[in-house]
Amino acid sequence: MAPPNDPVSPILSLCRSNSLEQYFDLSNGKFSVKGVPLLSEVPSNVTFNHFHSTSQSSDAPFPLIQRVRALSHKGGFLGFNKEEPSDRLMNSLGRFSNRDFLSIFRFKTWWSTMWVGNSGSSLQMETQWVLLDVPEIKSYVIILPIIEGSFRSALHPGTDDHVMICAESGSTQVKASNFDAIAYVHGSENPYNLMKEAYSALRVHLNTFRLLEEKTIPNLVDKFGWCTWDAFYLTVEPVGVWHGVNEFVEGGVSPRFLIIDDGWQSINLDGEDLHEDAKNLVLGGTQMTARLHRFEECKKFRNYRGGSMLGPDAPSFDPKKPKLLIAKAIEIEHAEKNRDKAIRSGVTDLSEFETKIQKLKQELEEIIGEEESSASNEGCGSCSCGADNYGMKAFTSDLRTKFKGLDDIYVWHALCGAWGGVRPGATHLSAKVIPCKVSPGLDGTMTDLAVVKIVEGGIGLVNPDQADNLFDAMHSYLSKVGITGVKVDVIHTLEYVSEEYGGRVELAKAYYKGLTHSLQKNFNGTGLIASMHQCNDFFFLGTKQISIGRVGDDFWFQDPNGDPMGVYWLQGVHMIHCAYNSMWMGQIIHPDWDMFQSDHLCAKFHAGSRAICGGPVYVSDSVAGHDFDLIKKLVYPDGTIPKCQHFALPTRDCLFKNPLFDNKTVLKIWNFNKYGVVIGAFNCQGAGWDPKEQRIKGYSDCYKPISCSLHVSELEWDQKIEAANLCKAEEYVVYLNQAEELRLVTPKSDAIQITIQPSTFELFSFVPIKKIGSSIKFAPIGLTNMLNSGGTVQELEYKTTAVEFSAQMKVKGGGNFLAYSSESPKKCCLNGTEVAFEWSTDGKLTLNLPWVEEAAGNSDVVFAF
């Protein structure tokens with residue numbers, strides 16, 4: 001990959017591929033691919049231009065431009081024109097019916113998920129792309145609404161099966177009437193290649209973002225970490241964080257990264273003292289109208305005294321206290337909801353409600369106590385103390401002194417500073433509270449507390465001319481005090497406040513430019529995780545530098561809406577978000593499947609997906625709330641993980657199905673290990689989007705065992721160059737991680753049939769069998785005590801000499817190593833010493849491996865025949 005900041009010589013033109021027939025044609029009111037009609041009744045004001053005819057300058061690397069040029073006949077642009085200019089234009093692209101589609105749409109301002117159907121009218125509002133199945137020519141076509149000028153677009157359902165495209169600027173002062181390239185279409189025989197090709201073409205065309213292949217990924221993708229959010233919410237403070245990290249180390253898994261989530265910043269509410277922190281904030285929601293009043297840490301962290309946690313008299317921590325605070329805050333939240341419900345129903349005497357709320361708030365204050373929990377109350381209070389012996393700098397220094405393996409410490413912040421932005425008059429920056437205006441397209445999305453609160457308070461928006469200063473002010477300070485990266489959240493507030501600033505595209509460009517510059521300057525070009533960002537204009541405008549981001553909604557450990565399905569219904573939904581969003585987001589950023597809790601009722605279900613997702617593994621466990629046996633199935637003692645080589649994607653037979661509530665489909669996701677393919681089969685049935693209620697809800701009738709099949713011929717071997725030869729094997733061994741079964745299959749074998757119970761899974765490792773000599777068959781599975789067994793095999797080589805054949809491997813981790821061998825080896829050597837092993841006539845060859853700290857957990861294993 002290219003280094004993140006290397007300049008690339010601009011390529012000024014993209015030549016047409018003349019030798020190949022164009023895929024698409026628009027004529028006589030029909031839009032066709034290779035002669036197959038896709039859209040009918042296309043309005044006369046819709047235009048189509050082949051890719052080459054809209055080419056422009058691009059700074060893409062020349063090999064990428066060549067690749068796009070070679071495939072330019074497979075794509076083109078849809079446009080339309082209107083008589084009257086407007087800031088929001090809606091136009092039909094034509095209609096389709098009886099054609100299966102997969103789509104991604106925004107179900108909240110910040111989050112996207114999948115939806116399937118078979119007509120234009122069954123699309124959802126704010127659709128970001130639609131993939132059409134074209135079995136007549138064994139192909140697929142994607143329609144991708146994009147950016148043109150100052151307008152951003154999305155697809156919407158129309159009447160009579162029409163597909164509508166909406167182009168909007170986000171400002172009544174920015175109008176247009178004509179678009180030449182407001183949507184991109186691309187065709188391919190392979191759905192995964194199609195995604196690569198389409199986004200590569202757009203990267204060259206728009207020249208506003210870079211592909212993942214062009215960027216450097218932060219090191220934390222290979223590691224285990226802890227996020228403080230579910231453990232503390234807004235009550236996070238140094239002593240609790242310290243005890244949390246220490247507990248992991250003592251439990252045998254060292255976190256390599258820490259994310260101090262929301263709650264560390266200096267924020268307050270309008271009407272409060274301009275320079276005093278807001279008090280008694282506990283739950284997410286209570287801080288959403290608060291604004292940043294200084295860039296340094298809040299009093300809880302400012303008061304930390306260096307060395308106070310390193311000595312024998314270090315403060316203790318009561319793990320029950322955050323739980324009590326959170327429980328009491330939830331009581332207050334429910335009481336306030338009941339009051340608001342009474343108001344809506346016409347109740348005028350609210351005294352009983354108010355009395356109860358005040359009583360609960362007093363009880364919360366008593367739990368919090370008069371003094372804030374901190375390592376010392378001898379700190380510098382509310383002053384801006386620069387002494388190294390206090391505050392965040394002292395805290396991060398002490399963490400690194402005690403916990404040598406802690407490579408990265410990230411902190412959370414909202415894109416605009418805090419949830420409510422920056423408080424006017426509190427900093428050196430020019431900030432103004434801007435009322436929020438929600439796009440009509442978002443009316444079809446799910447009711448969201450965050451949106452309600454942000455609309456209620458508006459955004460303290462720093463003038464876009466000072467966006468560079470905003471991010472540098474935050475990040476340069478954080479970098480100086482030992483923070484190595486940020487998790488940037490609440491990204492799509494910008495589209496609410498763009499009226500005065502040239503519209504959503506222009507405002508976004510200014511902010512993302514500032515964010516990019518700061519990332520390059522302060523965090524090595526890589527130290528940023530994007531969150532609450534799952535809208536196309538972020539990906540098209542904000543990802544020049546950002547190389548990792550969340551692909552799912554939040555992990556919800558409890559149901560916030562009181563659904564009868566309880567905690568269970570949300571867990572499968574989370575996996576669906578992640579798997580299908582990775583199809584498009586993974587072209588631009590490395591997919592992050594988010595944290596989970598290891599002691600949750602569905603923890604193992606989540607752990608199975610994280611094991612093969614190909615991204616970082618991190619939990620949000622409360623202090624004293626861990627299942628270390630489960631964590632150790634994901635994580636090595638040194639805090640690294642047996643990570644897959646790619647990012648997980650849905651299998652081809654799941655693309656046009658509904659694995660959430662169709663009563664028949666198991667979500668299957670595939671990924672690569674170095675010497676095989678792994679398929680995860682997850683029963684996610686039991687929840688999903690309800691278009692009428694416009695929310696995700698439980699479908700209890702679907703929460704039942706579901707059967708599925710797998711066949712070796714369905715594996716996507718061609719999606720990784722290094723795996724191309726693996727698909728040529730005559731025979732494969734398949735290891736079922738949960739059932740602990742070993743099976744042999746060939747391309748001619750029947751498909752493997754399996755039934756998956758609700759909220760459970762199975763992981764299938766497919767490894768090509770190698771013939772050693774004339775009769776010996778061998779294939780390494782890996783450590784069976786790890787969920788991603790195949791990821792533990794680091795190196796594999798087969799050698800032949802005059803006297804013996806051998807399989808030589810480097811395996812990382814300790815535990816039970818399993819291989820398939822048709823014959824018993826003559827001997828086994830472990831790290832140069834002959835050791836005992838076990839072999840059974842069914843081909844199971846096992847060996848116990850130690851964790852060798854001095855060798856970073858790696859063992860050299862040789863089986864000689």
# chains A, B, ... in the order shown; residues from 1 in each chain; ligands from 1
>>> residues_around(residues="stretch 91-102 of chain A", least_positions_apart="6", cutoff="8 Å", atoms="only C-alpha atoms", output="ChimeraX atom specification")
/A:30,38-43,46,80,114-120,130-134,158,160-166,655-656
>>> residues_around(residues="A:Trp110", least_positions_apart="3", cutoff="6 Å", atoms="only C-alpha atoms", output="ChimeraX atom specification")
/A:532-534
>>> closest_atom_pairs(of="stretch 302-394 of chain A", to="stretch 261-281 of chain A", cutoff="9 Å", atoms="only C-alpha atoms", output="tab-separated table")
residue	atom	partner	partner_atom	distance
A:Ala329	CA	A:Leu281	CA	8.8
A:Leu364	CA	A:Asn280	CA	7.9
A:Glu365	CA	A:Asn280	CA	7.0
A:Ile368	CA	A:Asn280	CA	7.5
A:Ser382	CA	A:Glu276	CA	7.3
>>> write_last_selection(atoms="C-alpha atoms", output="tab-separated table (two decimals), in the first residue's frame")
chain	number	residue	atom	x	y	z
A	329	ALA	CA	-30.19	7.19	35.54
A	364	LEU	CA	-28.55	9.92	41.87
A	365	GLU	CA	-26.66	12.82	43.43
A	368	ILE	CA	-22.38	10.19	42.94
A	382	SER	CA	-10.73	24.16	36.81
>>> closest_residue(among="A:Asn737, A:Asn581, A:Thr516, A:Ser169", to="A:Ile679", atoms="only C-alpha atoms")
A:Asn737
>>> closest_residue(among="A:Leu845, A:Ala426, A:Val505, A:Cys227", to="A:Phe257", atoms="only C-alpha atoms")
A:Cys227
>>> residues_around(residues="stretch 542-548 of chain A", least_positions_apart="6", cutoff="7 Å", atoms="only C-alpha atoms", output="NGL selection string")
:A and (4 or 208-210 or 212 or 215-217 or 512 or 516 or 525-526 or 528-530 or 589-592)
>>> select_by_dssp(residues="stretch 5-184 of chain A", states="helix (DSSP H, G or I)", output="number ranges by chain")
A: 51-54, 62-70, 72-74, 120-122, 135-137, 159-161
>>> select_by_dssp(residues="stretch 71-258 of chain A", states="strand (DSSP E or B)", output="PyMOL selection string")
chain A and resi 75-86+88-95+97-106+112-119+127-134+139-145+147-148+151-157+162-168+176-188+223-227+257-258
>>> residues_around(residues="A:Lys810", least_positions_apart="6", cutoff="8 Å", atoms="only C-alpha atoms", output="PyMOL selection string")
chain A and resi 793-796+858-861
>>> atom_distance(atom1="atom CA of A:Asp842", atom2="atom CA of A:Asp750")
19.8 Å
>>> residues_around(residues="A:Lys812", least_positions_apart="5", cutoff="12 Å", atoms="only C-alpha atoms", output="mmCIF file with all heavy atoms, in the first residue's frame")
data_model
loop_
_atom_site.group_PDB
_atom_site.id
_atom_site.type_symbol
_atom_site.label_atom_id
_atom_site.label_comp_id
_atom_site.auth_asym_id
_atom_site.auth_seq_id
_atom_site.Cartn_x
_atom_site.Cartn_y
_atom_site.Cartn_z
ATOM 1 N N VAL A 635 -8.437 -14.042 21.518
ATOM 2 C CA VAL A 635 -7.269 -13.195 21.750
ATOM 3 C C VAL A 635 -6.115 -14.008 22.303
ATOM 4 O O VAL A 635 -6.304 -14.850 23.182
ATOM 5 C CB VAL A 635 -7.620 -12.063 22.748
ATOM 6 C CG1 VAL A 635 -6.443 -11.111 22.924
ATOM 7 C CG2 VAL A 635 -8.860 -11.305 22.295
ATOM 8 N N TYR A 636 -4.911 -13.742 21.805
ATOM 9 C CA TYR A 636 -3.702 -14.323 22.376
ATOM 10 C C TYR A 636 -3.337 -13.591 23.670
ATOM 11 O O TYR A 636 -3.757 -12.439 23.879
ATOM 12 C CB TYR A 636 -2.528 -14.193 21.400
ATOM 13 C CG TYR A 636 -2.677 -14.948 20.104
ATOM 14 C CD1 TYR A 636 -2.536 -14.286 18.878
ATOM 15 C CD2 TYR A 636 -2.917 -16.314 20.079
ATOM 16 C CE1 TYR A 636 -2.632 -14.968 17.669
ATOM 17 C CE2 TYR A 636 -3.027 -17.008 18.877
ATOM 18 C CZ TYR A 636 -2.884 -16.329 17.681
ATOM 19 O OH TYR A 636 -2.977 -17.007 16.496
ATOM 20 N N PRO A 637 -2.524 -14.217 24.533
ATOM 21 C CA PRO A 637 -2.118 -13.549 25.780
ATOM 22 C C PRO A 637 -1.435 -12.203 25.577
ATOM 23 O O PRO A 637 -1.507 -11.330 26.443
ATOM 24 C CB PRO A 637 -1.154 -14.562 26.419
ATOM 25 C CG PRO A 637 -1.604 -15.885 25.902
ATOM 26 C CD PRO A 637 -2.054 -15.623 24.492
ATOM 27 N N ASP A 638 -0.788 -12.015 24.420
ATOM 28 C CA ASP A 638 -0.091 -10.734 24.189
ATOM 29 C C ASP A 638 -0.991 -9.661 23.604
ATOM 30 O O ASP A 638 -0.534 -8.563 23.262
ATOM 31 C CB ASP A 638 1.132 -10.945 23.291
ATOM 32 C CG ASP A 638 0.762 -11.371 21.870
ATOM 33 O OD1 ASP A 638 -0.433 -11.603 21.591
ATOM 34 O OD2 ASP A 638 1.677 -11.482 21.029
ATOM 35 N N THR A 640 -2.672 -9.727 20.765
ATOM 36 C CA THR A 640 -2.883 -9.800 19.320
ATOM 37 C C THR A 640 -3.966 -10.841 19.047
ATOM 38 O O THR A 640 -4.401 -11.564 19.947
ATOM 39 C CB THR A 640 -1.584 -10.159 18.572
ATOM 40 O OG1 THR A 640 -1.120 -11.433 19.034
ATOM 41 C CG2 THR A 640 -0.516 -9.102 18.824
ATOM 42 N N ILE A 641 -4.407 -10.926 17.815
ATOM 43 C CA ILE A 641 -5.526 -11.810 17.468
ATOM 44 C C ILE A 641 -5.202 -12.609 16.203
ATOM 45 O O ILE A 641 -4.442 -12.150 15.360
ATOM 46 C CB ILE A 641 -6.821 -11.005 17.240
ATOM 47 C CG1 ILE A 641 -6.628 -9.955 16.134
ATOM 48 C CG2 ILE A 641 -7.286 -10.347 18.532
ATOM 49 C CD1 ILE A 641 -7.892 -9.182 15.771
ATOM 50 N N PRO A 642 -5.765 -13.806 16.073
ATOM 51 C CA PRO A 642 -5.619 -14.546 14.817
ATOM 52 C C PRO A 642 -6.586 -14.004 13.766
ATOM 53 O O PRO A 642 -7.666 -14.541 13.540
ATOM 54 C CB PRO A 642 -5.958 -15.992 15.220
ATOM 55 C CG PRO A 642 -6.844 -15.854 16.399
ATOM 56 C CD PRO A 642 -6.462 -14.586 17.108
ATOM 57 N N LYS A 643 -6.188 -12.909 13.147
ATOM 58 C CA LYS A 643 -7.070 -12.155 12.248
ATOM 59 C C LYS A 643 -7.101 -12.756 10.856
ATOM 60 O O LYS A 643 -6.079 -13.207 10.335
ATOM 61 C CB LYS A 643 -6.607 -10.701 12.169
ATOM 62 C CG LYS A 643 -7.566 -9.778 11.431
ATOM 63 C CD LYS A 643 -7.123 -8.332 11.534
ATOM 64 C CE LYS A 643 -5.978 -8.024 10.587
ATOM 65 N NZ LYS A 643 -6.407 -7.952 9.185
ATOM 66 N N GLY A 782 -5.197 -25.893 12.621
ATOM 67 C CA GLY A 782 -4.808 -24.830 13.547
ATOM 68 C C GLY A 782 -5.221 -25.155 14.959
ATOM 69 O O GLY A 782 -5.523 -26.310 15.295
ATOM 70 N N LEU A 783 -5.242 -24.161 15.808
ATOM 71 C CA LEU A 783 -5.591 -24.342 17.221
ATOM 72 C C LEU A 783 -7.102 -24.367 17.385
ATOM 73 O O LEU A 783 -7.792 -23.382 17.105
ATOM 74 C CB LEU A 783 -5.001 -23.215 18.068
ATOM 75 C CG LEU A 783 -3.481 -23.143 18.138
ATOM 76 C CD1 LEU A 783 -3.042 -21.924 18.947
ATOM 77 C CD2 LEU A 783 -2.907 -24.415 18.765
ATOM 78 N N MET A 786 -9.145 -21.836 19.627
ATOM 79 C CA MET A 786 -9.423 -20.491 19.118
ATOM 80 C C MET A 786 -10.590 -20.569 18.144
ATOM 81 O O MET A 786 -10.697 -21.525 17.355
ATOM 82 C CB MET A 786 -8.197 -19.915 18.416
ATOM 83 C CG MET A 786 -6.943 -19.870 19.268
ATOM 84 S SD MET A 786 -7.091 -18.844 20.752
ATOM 85 C CE MET A 786 -6.955 -17.205 20.038
ATOM 86 N N ASN A 788 -11.188 -18.736 15.491
ATOM 87 C CA ASN A 788 -10.648 -18.742 14.130
ATOM 88 C C ASN A 788 -9.424 -19.647 14.111
ATOM 89 O O ASN A 788 -8.282 -19.187 14.103
ATOM 90 C CB ASN A 788 -10.283 -17.335 13.668
ATOM 91 C CG ASN A 788 -9.782 -17.323 12.233
ATOM 92 O OD1 ASN A 788 -10.083 -18.227 11.443
ATOM 93 N ND2 ASN A 788 -9.007 -16.314 11.888
ATOM 94 N N SER A 789 -9.665 -20.940 14.091
ATOM 95 C CA SER A 789 -8.578 -21.916 14.173
ATOM 96 C C SER A 789 -7.545 -21.700 13.077
ATOM 97 O O SER A 789 -6.333 -21.702 13.324
ATOM 98 C CB SER A 789 -9.144 -23.345 14.079
ATOM 99 O OG SER A 789 -10.111 -23.568 15.068
ATOM 100 N N GLY A 790 -8.015 -21.504 11.847
ATOM 101 C CA GLY A 790 -7.101 -21.393 10.716
ATOM 102 C C GLY A 790 -6.216 -20.169 10.770
ATOM 103 O O GLY A 790 -5.135 -20.146 10.175
ATOM 104 N N GLY A 791 -6.634 -19.141 11.493
ATOM 105 C CA GLY A 791 -5.836 -17.930 11.593
ATOM 106 C C GLY A 791 -4.586 -18.094 12.426
ATOM 107 O O GLY A 791 -3.718 -17.212 12.417
ATOM 108 N N THR A 792 -4.472 -19.208 13.136
ATOM 109 C CA THR A 792 -3.289 -19.425 13.981
ATOM 110 C C THR A 792 -2.110 -19.977 13.190
ATOM 111 O O THR A 792 -0.983 -19.950 13.677
ATOM 112 C CB THR A 792 -3.615 -20.393 15.137
ATOM 113 O OG1 THR A 792 -3.940 -21.689 14.617
ATOM 114 C CG2 THR A 792 -4.773 -19.871 15.974
ATOM 115 N N VAL A 793 -2.366 -20.493 11.987
ATOM 116 C CA VAL A 793 -1.285 -21.053 11.156
ATOM 117 C C VAL A 793 -0.631 -19.899 10.389
ATOM 118 O O VAL A 793 -1.227 -19.310 9.488
ATOM 119 C CB VAL A 793 -1.809 -22.124 10.181
ATOM 120 C CG1 VAL A 793 -0.659 -22.707 9.363
ATOM 121 C CG2 VAL A 793 -2.534 -23.223 10.943
ATOM 122 N N GLN A 794 0.601 -19.565 10.776
ATOM 123 C CA GLN A 794 1.294 -18.416 10.213
ATOM 124 C C GLN A 794 2.104 -18.751 8.958
ATOM 125 O O GLN A 794 2.199 -17.954 8.038
ATOM 126 C CB GLN A 794 2.251 -17.815 11.256
ATOM 127 C CG GLN A 794 1.606 -17.554 12.610
ATOM 128 C CD GLN A 794 0.585 -16.442 12.561
ATOM 129 O OE1 GLN A 794 0.908 -15.315 12.206
ATOM 130 N NE2 GLN A 794 -0.651 -16.749 12.918
ATOM 131 N N GLU A 795 2.715 -19.924 8.946
ATOM 132 C CA GLU A 795 3.541 -20.343 7.812
ATOM 133 C C GLU A 795 3.335 -21.832 7.579
ATOM 134 O O GLU A 795 3.088 -22.595 8.522
ATOM 135 C CB GLU A 795 5.030 -20.065 8.077
ATOM 136 C CG GLU A 795 5.361 -18.588 8.237
ATOM 137 C CD GLU A 795 6.829 -18.352 8.567
ATOM 138 O OE1 GLU A 795 7.625 -19.317 8.431
ATOM 139 O OE2 GLU A 795 7.167 -17.224 8.982
ATOM 140 N N PHE A 817 -3.448 -28.159 18.939
ATOM 141 C CA PHE A 817 -3.254 -28.050 17.494
ATOM 142 C C PHE A 817 -3.840 -29.277 16.815
ATOM 143 O O PHE A 817 -3.605 -30.420 17.239
ATOM 144 C CB PHE A 817 -1.770 -27.934 17.153
ATOM 145 C CG PHE A 817 -1.501 -27.932 15.674
ATOM 146 C CD1 PHE A 817 -1.664 -26.781 14.925
ATOM 147 C CD2 PHE A 817 -1.116 -29.103 15.010
ATOM 148 C CE1 PHE A 817 -1.447 -26.773 13.558
ATOM 149 C CE2 PHE A 817 -0.891 -29.111 13.651
ATOM 150 C CZ PHE A 817 -1.060 -27.937 12.917
ATOM 151 N N LEU A 849 0.341 -27.365 22.160
ATOM 152 C CA LEU A 849 1.370 -26.345 21.998
ATOM 153 C C LEU A 849 1.392 -25.410 23.209
ATOM 154 O O LEU A 849 0.337 -24.979 23.680
ATOM 155 C CB LEU A 849 1.101 -25.500 20.742
ATOM 156 C CG LEU A 849 1.112 -26.212 19.393
ATOM 157 C CD1 LEU A 849 0.936 -25.182 18.278
ATOM 158 C CD2 LEU A 849 2.396 -26.979 19.200
ATOM 159 N N PRO A 850 2.583 -25.069 23.687
ATOM 160 C CA PRO A 850 2.675 -24.099 24.779
ATOM 161 C C PRO A 850 2.701 -22.677 24.220
ATOM 162 O O PRO A 850 2.992 -22.470 23.042
ATOM 163 C CB PRO A 850 4.032 -24.448 25.419
ATOM 164 C CG PRO A 850 4.856 -24.906 24.240
ATOM 165 C CD PRO A 850 3.902 -25.616 23.302
ATOM 166 N N TRP A 851 2.391 -21.715 25.072
ATOM 167 C CA TRP A 851 2.603 -20.309 24.709
ATOM 168 C C TRP A 851 4.022 -19.956 25.133
ATOM 169 O O TRP A 851 4.338 -19.943 26.315
ATOM 170 C CB TRP A 851 1.601 -19.397 25.407
ATOM 171 C CG TRP A 851 1.894 -17.936 25.185
ATOM 172 C CD1 TRP A 851 2.640 -17.112 25.973
ATOM 173 C CD2 TRP A 851 1.477 -17.138 24.067
ATOM 174 N NE1 TRP A 851 2.709 -15.851 25.439
ATOM 175 C CE2 TRP A 851 1.993 -15.832 24.260
ATOM 176 C CE3 TRP A 851 0.718 -17.391 22.928
ATOM 177 C CZ2 TRP A 851 1.769 -14.793 23.366
ATOM 178 C CZ3 TRP A 851 0.496 -16.345 22.039
ATOM 179 C CH2 TRP A 851 1.015 -15.069 22.250
ATOM 180 N N VAL A 852 4.874 -19.693 24.148
ATOM 181 C CA VAL A 852 6.265 -19.369 24.431
ATOM 182 C C VAL A 852 6.426 -17.854 24.348
ATOM 183 O O VAL A 852 6.462 -17.271 23.260
ATOM 184 C CB VAL A 852 7.222 -20.079 23.444
ATOM 185 C CG1 VAL A 852 8.683 -19.780 23.812
ATOM 186 C CG2 VAL A 852 6.968 -21.580 23.451
ATOM 187 N N GLU A 853 6.487 -17.217 25.507
ATOM 188 C CA GLU A 853 6.527 -15.755 25.568
ATOM 189 C C GLU A 853 7.704 -15.186 24.797
ATOM 190 O O GLU A 853 7.590 -14.200 24.088
ATOM 191 C CB GLU A 853 6.601 -15.302 27.027
ATOM 192 C CG GLU A 853 6.461 -13.800 27.231
ATOM 193 C CD GLU A 853 5.073 -13.279 26.885
ATOM 194 O OE1 GLU A 853 4.084 -13.993 27.140
ATOM 195 O OE2 GLU A 853 4.988 -12.149 26.353
ATOM 196 N N ALA A 855 9.144 -16.212 22.244
ATOM 197 C CA ALA A 855 8.980 -16.312 20.789
ATOM 198 C C ALA A 855 7.695 -15.651 20.326
ATOM 199 O O ALA A 855 7.208 -15.932 19.225
ATOM 200 C CB ALA A 855 8.994 -17.778 20.360
ATOM 201 N N ALA A 856 7.144 -14.738 21.160
ATOM 202 C CA ALA A 856 5.882 -14.047 20.846
ATOM 203 C C ALA A 856 4.756 -15.033 20.584
ATOM 204 O O ALA A 856 3.855 -14.769 19.782
ATOM 205 C CB ALA A 856 6.061 -13.104 19.667
ATOM 206 N N GLY A 857 4.835 -16.189 21.254
ATOM 207 C CA GLY A 857 3.774 -17.179 21.137
ATOM 208 C C GLY A 857 3.871 -18.085 19.937
ATOM 209 O O GLY A 857 2.997 -18.929 19.717
ATOM 210 N N ASN A 858 4.944 -17.967 19.143
ATOM 211 C CA ASN A 858 5.083 -18.768 17.933
ATOM 212 C C ASN A 858 5.806 -20.078 18.218
ATOM 213 O O ASN A 858 6.796 -20.114 18.957
ATOM 214 C CB ASN A 858 5.855 -17.992 16.867
ATOM 215 C CG ASN A 858 5.032 -16.851 16.303
ATOM 216 O OD1 ASN A 858 3.985 -17.064 15.718
ATOM 217 N ND2 ASN A 858 5.505 -15.627 16.496
ATOM 218 N N SER A 859 5.320 -21.132 17.618
ATOM 219 C CA SER A 859 5.949 -22.450 17.721
ATOM 220 C C SER A 859 6.256 -22.985 16.335
ATOM 221 O O SER A 859 5.436 -22.843 15.406
ATOM 222 C CB SER A 859 5.023 -23.443 18.444
ATOM 223 O OG SER A 859 4.808 -23.065 19.788
ATOM 224 N N ASP A 860 7.437 -23.594 16.189
ATOM 225 C CA ASP A 860 7.798 -24.285 14.953
ATOM 226 C C ASP A 860 7.409 -25.744 15.096
ATOM 227 O O ASP A 860 7.879 -26.437 16.011
ATOM 228 C CB ASP A 860 9.296 -24.159 14.686
ATOM 229 C CG ASP A 860 9.696 -22.728 14.337
ATOM 230 O OD1 ASP A 860 9.009 -22.114 13.508
ATOM 231 O OD2 ASP A 860 10.680 -22.224 14.915
ATOM 232 N N VAL A 861 6.545 -26.196 14.197
ATOM 233 C CA VAL A 861 6.023 -27.559 14.258
ATOM 234 C C VAL A 861 6.385 -28.288 12.967
ATOM 235 O O VAL A 861 6.129 -27.770 11.871
ATOM 236 C CB VAL A 861 4.485 -27.558 14.442
ATOM 237 C CG1 VAL A 861 3.958 -28.985 14.501
ATOM 238 C CG2 VAL A 861 4.097 -26.786 15.693
#
